[in-house]
Amino acid sequence: MYKEILLAIDLNDASSWAKALPTAVQLASSFGAGLHVMTVVPDFGMSMVAQYFPAGYEQQALQDAQAKLDGMLQAELPAGVQAQRLVAHGTIYKEIVEAADRLQADLVVMASHRPELKDFLLGPNAARVVRHFPGSVMIVRG
């Protein structure tokens with residue numbers, strides 16, 4: 001049923017992967033699908049903000065995210081399970097949708113917390129991925 005599964009996580013929030021990672025691993029194992037785990041380093045939003053950070057800050061943030069993702073997956077993936085690791089940089093939901101398109105993912109798995117009032121007004125990343133990704137999206141409640 002699924003051939004490529006993308007799991008999107010926030011490395012700074014264990015609830016984004018604590019339940020979603022085992023779910024994605026089980027789905028990938030059940031269907032013989034490829035598993036891709038990604039995290040997104042948010043951009044500054046406006047170029048004016050970037051001038052207040054030291055030169056090379058974004059590159060260092062990407063390298064740190066890659067190292068943290070590698071360490072987390074080494075510790076949390078069951079033995080024998082392989083996952084491609086992806087680190088993106090930009091607007092979170094856009095990067096997830098673009099990566100899923102590039103990978104030709106059949107399914108995007110992400111965690112979501114219980115919505116708060118601000119989420120109904122602004123829309124969390126999970127809701128935006130659901131709206132913008134043309135494929136299936138599984139939301140795992142954290």
# chains A, B, ... in the order shown; residues from 1 in each chain; ligands from 1
$ residues_around --residues "Ser15 in chain A" --least-positions-apart "6" --cutoff "9 Å" --atoms "only C-alpha atoms" --output "count of residues only"
6
$ select_by_dssp --residues "chain A" --states "strand (DSSP E)" --output "PyMOL selection string"
chain A and resi 4-9+34-42+84-90+107-112+136-141
$ closest_residue --among "A:Val41, A:Ala18, A:Val130, A:Ala105" --to "Ile92 in chain A" --atoms "only C-alpha atoms"
A:Val41
$ closest_residue --among "A:Ser136, A:Thr23, A:Thr91, A:Asn125" --to "Asp106 in chain A" --atoms "only C-alpha atoms"
A:Ser136
$ residues_around --residues "Leu69 in chain A" --least-positions-apart "2" --cutoff "8 Å" --atoms "only C-alpha atoms" --output "number ranges by chain"
A: 11, 39, 65-67, 71-73, 85
